[in-house]
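Shown here: final.txt, compact mmCIF, C-alpha atoms and all ligand atoms.
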# COMPACT_ATOMS: atom_id res chain seq x y z
CA MET A 1 59.14 98.66 55.60
CA ALA A 2 62.53 98.96 57.29
CA GLY A 3 65.85 97.16 57.74
CA ILE A 4 68.11 96.24 60.64
CA TYR A 5 71.92 96.25 60.40
CA ILE A 6 74.07 94.56 63.06
CA HIS A 7 77.77 95.43 63.13
CA ILE A 8 80.21 92.73 64.25
CA PRO A 9 83.58 94.51 64.64
CA PHE A 10 85.91 91.51 65.01
CA CYS A 11 88.41 90.16 62.48
CA LYS A 12 91.20 87.60 62.62
CA SER A 13 93.65 90.26 61.44
CA LYS A 14 93.46 93.71 59.90
CA CYS A 15 93.53 93.92 56.09
CA ALA A 16 95.97 96.53 54.76
CA TYR A 17 93.30 98.69 53.05
CA CYS A 18 90.65 98.40 55.80
CA ASN A 19 89.04 101.62 56.93
CA PHE A 20 86.06 100.02 58.72
CA PHE A 21 85.62 99.89 62.46
CA SER A 22 87.00 96.42 63.20
CA LEU A 23 89.51 95.00 65.67
CA ALA A 24 91.97 92.16 65.13
CA SER A 25 90.95 90.43 68.35
CA GLU A 26 88.20 88.04 69.35
CA SER A 27 88.59 88.31 73.11
CA LYS A 28 85.56 90.57 73.71
CA ILE A 29 83.07 88.76 71.47
CA GLN A 30 80.91 87.45 74.30
CA ASP A 31 80.74 90.80 76.16
CA TYR A 32 79.88 92.47 72.85
CA VAL A 33 77.04 90.06 72.10
CA GLU A 34 75.59 90.76 75.57
CA ALA A 35 75.80 94.53 74.88
CA LEU A 36 74.14 94.03 71.49
CA LYS A 37 71.27 92.24 73.20
CA LYS A 38 70.83 95.22 75.53
CA GLU A 39 70.76 97.60 72.56
CA ILE A 40 68.19 95.44 70.73
CA ILE A 41 65.83 95.86 73.69
CA ALA A 42 66.69 99.51 74.43
CA ARG A 43 65.90 100.61 70.86
CA LYS A 44 62.83 98.54 70.12
CA THR A 45 60.67 101.64 69.45
CA TYR A 46 63.20 103.32 67.11
CA LEU A 47 61.51 102.18 63.89
CA GLY A 48 57.99 103.13 65.09
CA ASN A 49 55.40 100.94 63.40
CA GLU A 50 57.60 100.01 60.45
CA ILE A 51 57.75 96.34 59.57
CA VAL A 52 61.27 94.98 59.20
CA LYS A 53 61.91 93.15 55.95
CA THR A 54 65.71 92.76 56.02
CA ILE A 55 68.36 91.86 58.60
CA TYR A 56 72.04 92.26 57.76
CA PHE A 57 75.04 91.05 59.79
CA GLY A 58 78.01 93.10 58.55
CA GLY A 59 81.48 93.77 59.81
CA GLY A 60 84.18 93.09 60.58
CA THR A 61 83.74 89.37 60.17
CA PRO A 62 80.30 88.23 61.39
CA SER A 63 81.19 84.60 60.57
CA LEU A 64 83.49 84.70 63.64
CA LEU A 65 80.39 84.65 65.86
CA SER A 66 79.16 81.24 66.97
CA VAL A 67 75.94 79.94 65.45
CA LYS A 68 74.46 80.06 68.95
CA ASN A 69 75.25 83.78 69.31
CA ILE A 70 73.73 84.58 65.90
CA GLU A 71 70.63 82.56 66.72
CA GLU A 72 70.22 84.39 70.06
CA ILE A 73 70.41 87.74 68.25
CA ILE A 74 67.85 86.69 65.61
CA ASN A 75 65.50 85.34 68.27
CA LEU A 76 65.72 88.53 70.30
CA LEU A 77 65.04 90.64 67.20
CA ASN A 78 61.97 88.54 66.45
CA LYS A 79 60.75 88.99 70.01
CA ASN A 80 61.13 92.77 70.05
CA TYR A 81 60.43 93.96 66.48
CA GLU A 82 57.68 93.48 63.91
CA ILE A 83 59.48 91.37 61.27
CA VAL A 84 58.06 89.81 58.09
CA SER A 85 57.85 86.01 58.19
CA SER A 86 60.92 85.30 56.06
CA PRO A 87 63.11 88.41 56.02
CA GLU A 88 66.14 88.62 53.74
CA THR A 89 68.81 87.79 56.35
CA THR A 90 72.38 88.28 55.16
CA LEU A 91 75.62 87.28 56.86
CA GLU A 92 79.00 88.51 55.66
CA ILE A 93 81.64 85.78 55.71
CA ASN A 94 85.36 85.59 55.07
CA PRO A 95 86.90 82.52 53.41
CA ASP A 96 88.99 81.23 56.31
CA THR A 97 86.31 81.58 59.00
CA ILE A 98 83.66 79.12 57.88
CA ASP A 99 83.15 75.53 56.73
CA ARG A 100 80.28 73.49 55.27
CA GLU A 101 79.02 72.40 58.67
CA LYS A 102 78.74 75.98 59.93
CA MET A 103 77.06 77.08 56.67
CA SER A 104 74.46 74.37 57.12
CA SER A 105 73.80 75.36 60.77
CA LEU A 106 73.47 79.02 59.77
CA LYS A 107 70.90 78.08 57.17
CA GLN A 108 68.85 76.27 59.79
CA ILE A 109 68.67 79.31 62.08
CA GLY A 110 67.35 81.65 59.35
CA ILE A 111 70.37 83.06 57.49
CA ASN A 112 69.25 82.96 53.84
CA ARG A 113 71.82 85.13 52.06
CA MET A 114 75.61 84.81 52.20
CA SER A 115 77.97 87.63 51.29
CA VAL A 116 81.54 86.43 50.83
CA GLY A 117 84.59 88.71 50.84
CA ILE A 118 86.79 87.08 48.18
CA GLN A 119 88.33 90.30 46.71
CA SER A 120 90.54 88.36 44.26
CA PHE A 121 91.41 84.79 43.28
CA HIS A 122 95.12 85.66 42.84
CA ASP A 123 97.65 85.34 45.65
CA ASP A 124 99.68 88.45 44.76
CA ASP A 125 96.54 90.66 44.81
CA LEU A 126 95.47 89.17 48.15
CA LYS A 127 98.96 89.80 49.50
CA TYR A 128 98.90 93.42 48.28
CA LEU A 129 95.52 93.88 50.03
CA GLY A 130 96.85 92.23 53.20
CA ARG A 131 94.06 89.63 53.22
CA ARG A 132 94.51 86.53 55.41
CA HIS A 133 93.16 84.06 52.90
CA ASP A 134 94.85 82.81 49.75
CA SER A 135 93.47 81.69 46.38
CA ARG A 136 93.09 78.11 47.65
CA HIS A 137 90.83 79.28 50.54
CA ALA A 138 88.88 81.42 48.07
CA MET A 139 88.18 78.46 45.76
CA GLN A 140 87.35 76.22 48.73
CA VAL A 141 84.72 78.62 50.11
CA LEU A 142 83.11 78.84 46.65
CA ASP A 143 82.88 75.08 46.52
CA ASP A 144 81.41 74.96 50.03
CA LEU A 145 78.88 77.66 49.14
CA LYS A 146 77.83 75.80 45.97
CA HIS A 147 77.01 72.78 48.12
CA SER A 148 75.43 74.79 50.94
CA GLY A 149 71.95 75.13 49.42
CA PHE A 150 71.79 78.92 49.85
CA ASP A 151 69.73 80.47 47.03
CA LYS A 152 71.17 83.93 47.50
CA ILE A 153 74.93 84.31 47.43
CA THR A 154 76.90 87.45 46.65
CA LEU A 155 80.63 87.87 46.13
CA ASP A 156 82.80 90.92 46.84
CA LEU A 157 85.65 91.64 44.44
CA ILE A 158 88.11 94.53 44.41
CA TYR A 159 89.75 96.06 41.36
CA GLY A 160 92.24 98.85 40.75
CA MET A 161 95.25 97.43 42.63
CA PRO A 162 98.57 97.62 40.72
CA THR A 163 99.06 93.83 40.91
CA LEU A 164 95.80 93.22 39.01
CA THR A 165 96.37 93.03 35.25
CA GLU A 166 93.42 93.11 32.84
CA GLU A 167 93.97 89.42 32.20
CA LYS A 168 93.77 88.62 35.91
CA TRP A 169 90.69 90.82 36.35
CA ASN A 170 88.99 88.96 33.49
CA LYS A 171 89.96 85.68 35.16
CA ASN A 172 88.40 86.83 38.47
CA LEU A 173 85.20 87.67 36.60
CA ASP A 174 85.32 84.33 34.73
CA ILE A 175 85.46 82.47 38.04
CA PHE A 176 82.57 84.51 39.42
CA PHE A 177 80.36 83.89 36.36
CA SER A 178 81.19 80.17 36.48
CA THR A 179 79.68 79.91 39.99
CA GLY A 180 76.20 80.84 38.78
CA PHE A 181 75.79 83.16 41.82
CA SER A 182 73.23 85.89 41.22
CA HIS A 183 74.87 88.96 42.77
CA LEU A 184 78.23 90.69 42.61
CA SER A 185 79.62 93.69 44.50
CA ALA A 186 82.79 95.03 42.88
CA TYR A 187 84.63 97.98 44.39
CA ALA A 188 87.44 100.17 43.14
CA LEU A 189 90.24 100.09 45.71
CA THR A 190 90.64 103.37 47.56
CA VAL A 191 93.65 104.10 49.71
CA GLU A 192 93.00 105.91 52.97
CA PRO A 193 96.08 107.59 54.48
CA LYS A 194 95.70 106.07 57.96
CA THR A 195 95.47 102.47 56.77
CA ILE A 196 98.41 100.06 56.66
CA LEU A 197 98.26 100.23 52.85
CA GLY A 198 98.27 104.05 52.87
CA GLN A 199 101.31 104.11 55.13
CA ARG A 200 103.22 101.47 53.15
CA ILE A 201 102.57 103.37 49.90
CA GLU A 202 103.71 106.60 51.52
CA LYS A 203 106.95 104.95 52.68
CA GLY A 204 107.50 103.65 49.16
CA ASP A 205 107.22 99.96 50.20
CA LEU A 206 104.28 99.37 47.87
CA GLN A 207 103.27 100.73 44.50
CA ASN A 208 100.33 103.17 44.52
CA ILE A 209 97.07 102.53 42.68
CA SER A 210 96.41 104.17 39.33
CA GLU A 211 93.14 105.84 38.39
CA ASP A 212 93.59 104.82 34.75
CA ASP A 213 93.87 101.13 35.71
CA ALA A 214 90.75 101.43 37.87
CA ILE A 215 88.81 102.98 34.95
CA ARG A 216 89.96 100.21 32.59
CA HIS A 217 88.91 97.56 35.13
CA TYR A 218 85.55 99.30 35.63
CA ASN A 219 84.89 99.33 31.88
CA ILE A 220 85.68 95.61 31.66
CA LEU A 221 83.39 94.98 34.65
CA VAL A 222 80.47 96.91 33.11
CA GLU A 223 80.87 95.19 29.75
CA ARG A 224 81.23 91.66 31.10
CA THR A 225 78.36 91.90 33.61
CA LYS A 226 76.13 93.18 30.78
CA GLU A 227 77.18 90.26 28.53
CA ASN A 228 76.26 87.89 31.36
CA SER A 229 72.79 89.45 31.90
CA PHE A 230 73.54 91.21 35.17
CA GLU A 231 71.77 94.48 35.88
CA HIS A 232 74.13 97.28 36.96
CA TYR A 233 71.73 98.62 39.58
CA GLU A 234 74.14 100.62 41.75
CA ILE A 235 77.69 101.89 41.11
CA SER A 236 79.30 98.85 42.74
CA ASN A 237 76.44 96.34 42.56
CA PHE A 238 75.28 93.94 39.85
CA ALA A 239 72.42 91.44 40.02
CA LYS A 240 70.50 88.94 37.95
CA GLU A 241 66.82 89.84 37.53
CA GLY A 242 65.00 89.78 40.88
CA CYS A 243 68.23 89.31 42.86
CA ARG A 244 69.11 92.83 43.99
CA SER A 245 70.15 93.18 47.64
CA GLN A 246 66.92 94.20 49.36
CA HIS A 247 68.84 95.40 52.40
CA ASN A 248 71.30 97.67 50.59
CA SER A 249 68.46 99.05 48.46
CA ILE A 250 66.99 100.44 51.69
CA TYR A 251 69.97 102.81 52.02
CA TRP A 252 69.40 104.10 48.48
CA LYS A 253 65.61 104.46 48.75
CA ASP A 254 65.15 106.74 51.75
CA VAL A 255 63.76 103.90 53.89
CA LYS A 256 64.23 103.76 57.69
CA TYR A 257 66.89 101.53 59.14
CA LEU A 258 68.20 100.66 62.58
CA GLY A 259 71.94 100.11 63.04
CA LEU A 260 72.94 98.07 66.09
CA GLY A 261 76.47 97.70 67.45
CA ALA A 262 79.57 99.86 67.72
CA SER A 263 79.90 102.39 64.85
CA ALA A 264 76.51 101.43 63.32
CA HIS A 265 74.38 104.20 61.78
CA SER A 266 70.58 104.56 61.98
CA TYR A 267 68.02 106.67 60.10
CA ASN A 268 64.39 107.22 61.07
CA GLY A 269 63.27 109.68 58.39
CA ASN A 270 64.01 112.79 60.50
CA SER A 271 67.38 112.19 62.07
CA ARG A 272 70.55 110.19 61.74
CA GLN A 273 72.42 108.72 64.64
CA TRP A 274 75.63 106.81 64.89
CA ASN A 275 77.01 104.63 67.64
CA ILE A 276 80.42 105.22 69.14
CA SER A 277 83.37 103.57 67.33
CA ASN A 278 84.91 102.32 70.56
CA LEU A 279 84.30 98.78 71.73
CA THR A 280 84.99 99.31 75.44
CA LYS A 281 82.78 102.39 75.68
CA TYR A 282 80.01 100.77 73.63
CA ILE A 283 79.96 97.74 75.96
CA GLN A 284 80.13 100.00 79.03
CA PHE A 285 77.44 102.52 78.05
CA VAL A 286 74.82 100.66 76.04
CA GLY A 287 71.71 99.99 78.09
CA ASN A 288 72.99 102.29 80.90
CA SER A 289 73.17 105.74 79.33
CA ASN A 290 72.84 107.53 76.01
CA ASP A 291 76.58 108.21 75.80
CA TYR A 292 77.05 105.49 73.19
CA PHE A 293 75.64 107.46 70.26
CA GLU A 294 75.50 110.87 68.63
CA LYS A 295 72.54 112.28 66.74
CA GLU A 296 71.87 114.86 64.04
CA ILE A 297 68.43 116.24 63.13
CA LEU A 298 68.20 116.52 59.35
CA THR A 299 67.03 119.72 57.66
CA LYS A 300 65.05 119.63 54.43
CA GLU A 301 68.25 120.67 52.65
CA ASP A 302 70.20 117.76 54.22
CA LYS A 303 67.50 115.33 53.12
CA PHE A 304 67.40 116.69 49.57
CA ASN A 305 71.19 116.47 49.24
CA GLU A 306 71.17 112.96 50.65
CA TYR A 307 68.42 111.95 48.21
CA VAL A 308 70.45 113.30 45.26
CA MET A 309 73.63 111.60 46.45
CA THR A 310 72.14 108.16 47.10
CA SER A 311 69.70 107.92 44.19
CA LEU A 312 72.27 109.13 41.65
CA ARG A 313 74.32 106.03 42.50
CA THR A 314 71.47 103.79 41.31
CA SER A 315 70.00 102.69 38.00
CA TRP A 316 66.66 104.35 38.88
CA GLY A 317 68.27 107.76 39.46
CA CYS A 318 66.64 110.97 40.75
CA ASP A 319 62.90 111.32 40.29
CA ILE A 320 62.02 114.94 39.53
CA ARG A 321 58.38 114.43 40.61
CA LYS A 322 59.52 113.14 44.01
CA MET A 323 61.73 116.21 44.39
CA GLU A 324 58.76 118.50 43.72
CA THR A 325 56.43 116.60 46.04
CA ASP A 326 58.83 115.89 48.92
CA TYR A 327 61.04 118.98 48.90
CA GLY A 328 59.19 121.67 46.91
CA GLU A 329 59.51 123.61 43.68
CA ARG A 330 62.64 125.56 44.69
CA TYR A 331 64.61 122.32 45.02
CA ALA A 332 63.35 120.88 41.72
CA VAL A 333 64.16 124.14 39.88
CA HIS A 334 67.68 124.17 41.35
CA PHE A 335 68.20 120.56 40.25
CA LEU A 336 66.92 121.17 36.70
CA LYS A 337 69.12 124.25 36.29
CA ASN A 338 72.29 122.42 37.39
CA VAL A 339 71.67 119.08 35.74
CA LYS A 340 71.55 120.58 32.24
CA LYS A 341 75.31 120.63 31.64
CA HIS A 342 75.60 116.95 32.66
CA LEU A 343 72.83 116.01 30.22
CA ASP A 344 74.52 118.05 27.48
CA SER A 345 77.86 116.34 28.08
CA GLY A 346 76.21 112.91 27.76
CA ILE A 347 77.07 111.53 31.21
CA MET A 348 73.41 111.73 32.32
CA LEU A 349 70.14 110.92 30.62
CA ILE A 350 66.41 111.16 31.34
CA LYS A 351 64.17 108.10 31.52
CA ASN A 352 60.50 108.53 32.54
CA ASN A 353 61.11 111.71 34.57
CA ASN A 354 64.15 110.14 36.24
CA TYR A 355 67.64 111.58 35.85
CA ILE A 356 70.14 108.77 35.52
CA LEU A 357 73.91 108.52 35.24
CA THR A 358 75.28 106.62 32.26
CA ASP A 359 77.89 103.89 32.92
CA GLU A 360 80.57 106.50 32.26
CA GLY A 361 78.78 109.04 34.48
CA MET A 362 78.85 106.59 37.39
CA LEU A 363 82.62 107.07 37.52
CA PHE A 364 82.02 110.69 38.50
CA ALA A 365 78.93 110.19 40.69
CA ASP A 366 80.27 111.92 43.81
CA GLY A 367 81.40 115.04 41.94
CA ILE A 368 78.15 115.28 39.95
CA ALA A 369 76.07 114.82 43.12
CA ALA A 370 78.04 117.58 44.87
CA ASP A 371 77.36 119.84 41.89
CA LEU A 372 73.60 119.22 42.24
CA PHE A 373 73.43 119.80 46.01
CA LEU A 374 71.54 122.78 47.36
S1 LIG A 401 87.90 91.43 56.79
FE1 LIG A 401 86.86 93.35 56.19
S2 LIG A 401 86.47 94.42 58.12
FE2 LIG A 401 87.99 92.80 58.56
S3 LIG A 401 89.95 93.83 58.40
FE3 LIG A 401 89.51 92.92 56.38
S4 LIG A 401 88.46 94.57 55.22
FE4 LIG A 401 88.44 95.14 57.39
Could you quickly redo this structure as structure tokens?
Ligand code: SF4
Amino acid sequence: MAGIYIHIPFCKSKCAYCNFFSLASESKIQDYVEALKKEIIARKTYLGNEIVKTIYFGGGTPSLLSVKNIEEIINLLNKNYEIVSSPETTLEINPDTIDREKMSSLKQIGINRMSVGIQSFHDDDLKYLGRRHDSRHAMQVLDDLKHSGFDKITLDLIYGMPTLTEEKWNKNLDIFFSTGFSHLSAYALTVEPKTILGQRIEKGDLQNISEDDAIRHYNILVERTKENSFEHYEISNFAKEGCRSQHNSIYWKDVKYLGLGASAHSYNGNSRQWNISNLTKYIQFVGNSNDYFEKEILTKEDKFNEYVMTSLRTSWGCDIRKMETDYGERYAVHFLKNVKKHLDSGIMLIKNNNYILTDEGMLFADGIAADLFL
């Protein structure tokens, strides 16, 4: 089984914290869709004989594409790849780029999961983040989604900004739980130096984020999702039983995936490749030459480290038997030797041969993973 990711790098404006490859312009959408179609055909053998079970339109703001464009892409994928009959097909949307009519048309062409970037229901948080939408748009899109008939809906929220008090964070979570949606992605805000937010903080125009606030918000998040019967199945992801994101789970389970579009990454079990983060060059080169991507062959060590890093982020953790079988005894011995201190300190535990981070341990996942690398 495999997944396909399609990157749509267009947004109405650039959010202050955004570090993704996206452009605040819609003028090249049509040329980009034509280039995407060429890439779909050019890379039809990339996944070998794997059957595709998930399709994910991410961005950027995929809801800026017309329904016709999205349908053309889905049809072309179906024509060129082996895809299960009803794949999980997700589209990321932003509140001010969609209405009920468009939601209904998207449902008819095969989109069956909506991922909405709300981030907060409070205007001052949204202003701090430089989002286009306000709390009124956020509530409107929730109402539209509730009436849309989609079974699978996930919300993105951000915590850790200085404008977000504990009371407001609880209120954001209250609103989410009141929707009855089955999936939540909640991210701690990070400030990258080259973003608008990073520069404004450096100039002293905006207050910086505080790690202590982010930890307090995370603890509230973990407690409240547990109370509401959500499984904390990945550091930033929470789902009701049976409602995990099948697509994102691919990235954490060492499954092959094909990334289409500028800046998209692909993995075929032996190598990783990533498309150029330049719209003009992507449109110019794709289908004509191989200059639109770079590639890295993965060593056994790279694959082991990647396995440790991705599986540690999840509720199923690192399987010691898999390490022995897939990588060999030397790797398993190294892991067991280094994991001991984390078990002793109580931030990791063992469940059925799997080494798992506790809720507290998840706060330090990157550092612990680095410590376990070979
Ligand atoms: S909507 Fe998403 S991709 Fe677009 S600018 Fe904002 S954070 Fe970046």
Expected answer as a list in words: residues within 6 Å of ligand LIG 401 (chain A), only C-alpha atoms and all ligand atoms: Cys11, Ser13, Lys14, Cys15, Cys18, Phe20, Ser22, Gly59, Gly60 and Thr61 of chain A
Nearest residue to Ile74 (chain A) from the set A:Thr89, A:Ser263, A:Asn237, A:Asn228 (distances using all atoms listed in the file): A:Thr89
Residue nearest Gly367 (chain A) - candidates A:Arg200, A:Ser85, A:Leu312, A:Ser115, atoms counted: all atoms listed in the file: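 Among the listed residues, A:Leu312 lies closest to Gly367 (chain A).
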Is there a way to get, as a PDB file with C-alpha atoms, in the frame of the given file, all residues within 8 Å of the point (79.8, 89.9, 63.7) in file coordinates, counting only C-alpha atoms?
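Written file, selection_11.pdb:
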ATOM      1  CA  ILE A   6      74.070  94.560  63.060  1.00  0.00           C
ATOM      2  CA  HIS A   7      77.770  95.430  63.130  1.00  0.00           C
ATOM      3  CA  ILE A   8      80.210  92.730  64.250  1.00  0.00           C
ATOM      4  CA  PRO A   9      83.580  94.510  64.640  1.00  0.00           C
ATOM      5  CA  PHE A  10      85.910  91.510  65.010  1.00  0.00           C
ATOM      6  CA  PHE A  57      75.040  91.050  59.790  1.00  0.00           C
ATOM      7  CA  GLY A  58      78.010  93.100  58.550  1.00  0.00           C
ATOM      8  CA  GLY A  59      81.480  93.770  59.810  1.00  0.00           C
ATOM      9  CA  GLY A  60      84.180  93.090  60.580  1.00  0.00           C
ATOM     10  CA  THR A  61      83.740  89.370  60.170  1.00  0.00           C
ATOM     11  CA  PRO A  62      80.300  88.230  61.390  1.00  0.00           C
ATOM     12  CA  SER A  63      81.190  84.600  60.570  1.00  0.00           C
ATOM     13  CA  LEU A  64      83.490  84.700  63.640  1.00  0.00           C
ATOM     14  CA  LEU A  65      80.390  84.650  65.860  1.00  0.00           C
TER      15      LEU A  65
END
From A:Ile297, A:Met161, A:Ile201, A:Ala262, residue lying nearest Gln284 (chain A) [all atoms listed in the file]: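 Using all atoms listed in the file, the shortest distance to Gln284 (chain A) belongs to A:Ala262.
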Which residue out of A:Tyr251, A:Tyr327, A:Tyr187, A:Phe304 has the minimum interatomic distance to Leu363 (chain A) when all atoms listed in the file are used?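 Of A:Tyr251, A:Tyr327, A:Tyr187, A:Phe304, the one nearest Leu363 (chain A), counting all atoms listed in the file, is A:Tyr187.
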Mind giving me the straight-line distance from CA of Leu47 (chain A) to CA of Tyr257 (chain A) in Å, one decimal?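 About the pair CA of Leu47 (chain A) and CA of Tyr257 (chain A): they are 7.2 Å apart.
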Need to verify the contact set: region 130-136 of chain A, 7 Å, all atoms listed in the file, exclusion of same-chain residues closer than 3 positions in sequence. Can you return it as a list of chain:residue names?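 These residues fall inside the cut-off: A:Cys15, A:Ala16, A:Pro95, A:Asp96, A:Phe121, A:His122, A:Asp123, A:Leu126, A:Lys127, A:Met139, A:Gln140.
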Go ahead and write the selection's residues with C-alpha atoms as a short mmCIF file (atom, residue, chain, number, x, y, z; two decimals), in the frame of the given file.
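Here's the written file selection_7.cif:
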data_model
loop_
_atom_site.label_atom_id
_atom_site.label_comp_id
_atom_site.auth_asym_id
_atom_site.auth_seq_id
_atom_site.Cartn_x
_atom_site.Cartn_y
_atom_site.Cartn_z
CA CYS A 15 93.53 93.92 56.09
CA ALA A 16 95.97 96.53 54.76
CA PRO A 95 86.90 82.52 53.41
CA ASP A 96 88.99 81.23 56.31
CA PHE A 121 91.41 84.79 43.28
CA HIS A 122 95.12 85.66 42.84
CA ASP A 123 97.65 85.34 45.65
CA LEU A 126 95.47 89.17 48.15
CA LYS A 127 98.96 89.80 49.50
CA MET A 139 88.18 78.46 45.76
CA GLN A 140 87.35 76.22 48.73
#
Counting only C-alpha atoms, note down every residue that has an atom within 8 Å of the point (76.9, 112.8, 65.3) (file coordinates), as a PyMOL selection string. chain A and resi 272-274+293-296
When you look at region 314-317 of chain A with a cut-off of 8 Å (counting all atoms listed in the file), what residues show up, excluding the ones that are within fewer than 4 positions of it in the same chain? I need them as a PyMOL selection string. chain A and resi 232-235+252+310+354-357
What is the distance between CA of Phe21 (chain A) and CA of Gly117 (chain A), in Å to one decimal? 16.2 Å
Mind working out the centre and edge lengths of an axis-aligned box for region 23-42 of chain A, all listed atoms inside, 6 Å added to each side, rounded to one decimal in Å and written as JSON?
{"center_x": 78.9, "center_y": 93.5, "center_z": 70.6, "size_x": 38.1, "size_y": 24.1, "size_z": 23.0}
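Atom pair CA of Tyr46 (chain A) / CA of Asn268 (chain A): separated by 7.3 Å.
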Just want the 7 Å neighbourhood of Asp156 (chain A), counted on all atoms listed in the file, with same-chain residues fewer than 6 positions away dropped. Output as a PyMOL selection string. chain A and resi 116-119+184-186
I want to know what sits within 8 Å of region 242-247 of chain A, based on all atoms listed in the file, with residues of the same chain fewer than 6 positions away left out; could you give that as a PDB file with C-alpha atoms, in the coordinates of the input?
ATOM      1  CA  GLY A   3      65.850  97.160  57.740  1.00  0.00           C
ATOM      2  CA  THR A  54      65.710  92.760  56.020  1.00  0.00           C
ATOM      3  CA  ILE A  55      68.360  91.860  58.600  1.00  0.00           C
ATOM      4  CA  TYR A  56      72.040  92.260  57.760  1.00  0.00           C
ATOM      5  CA  GLU A  88      66.140  88.620  53.740  1.00  0.00           C
ATOM      6  CA  LYS A 152      71.170  83.930  47.500  1.00  0.00           C
ATOM      7  CA  SER A 182      73.230  85.890  41.220  1.00  0.00           C
ATOM      8  CA  HIS A 183      74.870  88.960  42.770  1.00  0.00           C
ATOM      9  CA  TYR A 233      71.730  98.620  39.580  1.00  0.00           C
TER      10      TYR A 233
END
Taking into account only C-alpha atoms, which residue in the set A:Ser266, A:Thr225, A:Asn288, A:Ser345 is nearest to Gly361 (chain A)?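 The closest residue to Gly361 (chain A) is A:Ser345.
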Given only C-alpha atoms as the basis, pick out the residue of A:Gly198, A:Leu206, A:Asn69, A:Glu34 nearest to Pro162 (chain A).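 Nearest to Pro162 (chain A): A:Leu206.
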When you look at Leu77 (chain A) with a cut-off of 10 Å (counting all atoms listed in the file), what residues show up, excluding the ones that are within fewer than 2 positions of it in the same chain? I need them as an MDAnalysis selection string. chainID A and resid 4 37 40:41 44 52 55 71:75 79:83
For those residues, write C-alpha atoms to a file as an mmCIF file, in the frame of the given file.
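The file below, selection_37.cif, is the result:
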data_model
loop_
_atom_site.group_PDB
_atom_site.id
_atom_site.type_symbol
_atom_site.label_atom_id
_atom_site.label_comp_id
_atom_site.auth_asym_id
_atom_site.auth_seq_id
_atom_site.Cartn_x
_atom_site.Cartn_y
_atom_site.Cartn_z
ATOM 1 C CA ILE A 4 68.110 96.240 60.640
ATOM 2 C CA LYS A 37 71.270 92.240 73.200
ATOM 3 C CA ILE A 40 68.190 95.440 70.730
ATOM 4 C CA ILE A 41 65.830 95.860 73.690
ATOM 5 C CA LYS A 44 62.830 98.540 70.120
ATOM 6 C CA VAL A 52 61.270 94.980 59.200
ATOM 7 C CA ILE A 55 68.360 91.860 58.600
ATOM 8 C CA GLU A 71 70.630 82.560 66.720
ATOM 9 C CA GLU A 72 70.220 84.390 70.060
ATOM 10 C CA ILE A 73 70.410 87.740 68.250
ATOM 11 C CA ILE A 74 67.850 86.690 65.610
ATOM 12 C CA ASN A 75 65.500 85.340 68.270
ATOM 13 C CA LYS A 79 60.750 88.990 70.010
ATOM 14 C CA ASN A 80 61.130 92.770 70.050
ATOM 15 C CA TYR A 81 60.430 93.960 66.480
ATOM 16 C CA GLU A 82 57.680 93.480 63.910
ATOM 17 C CA ILE A 83 59.480 91.370 61.270
#
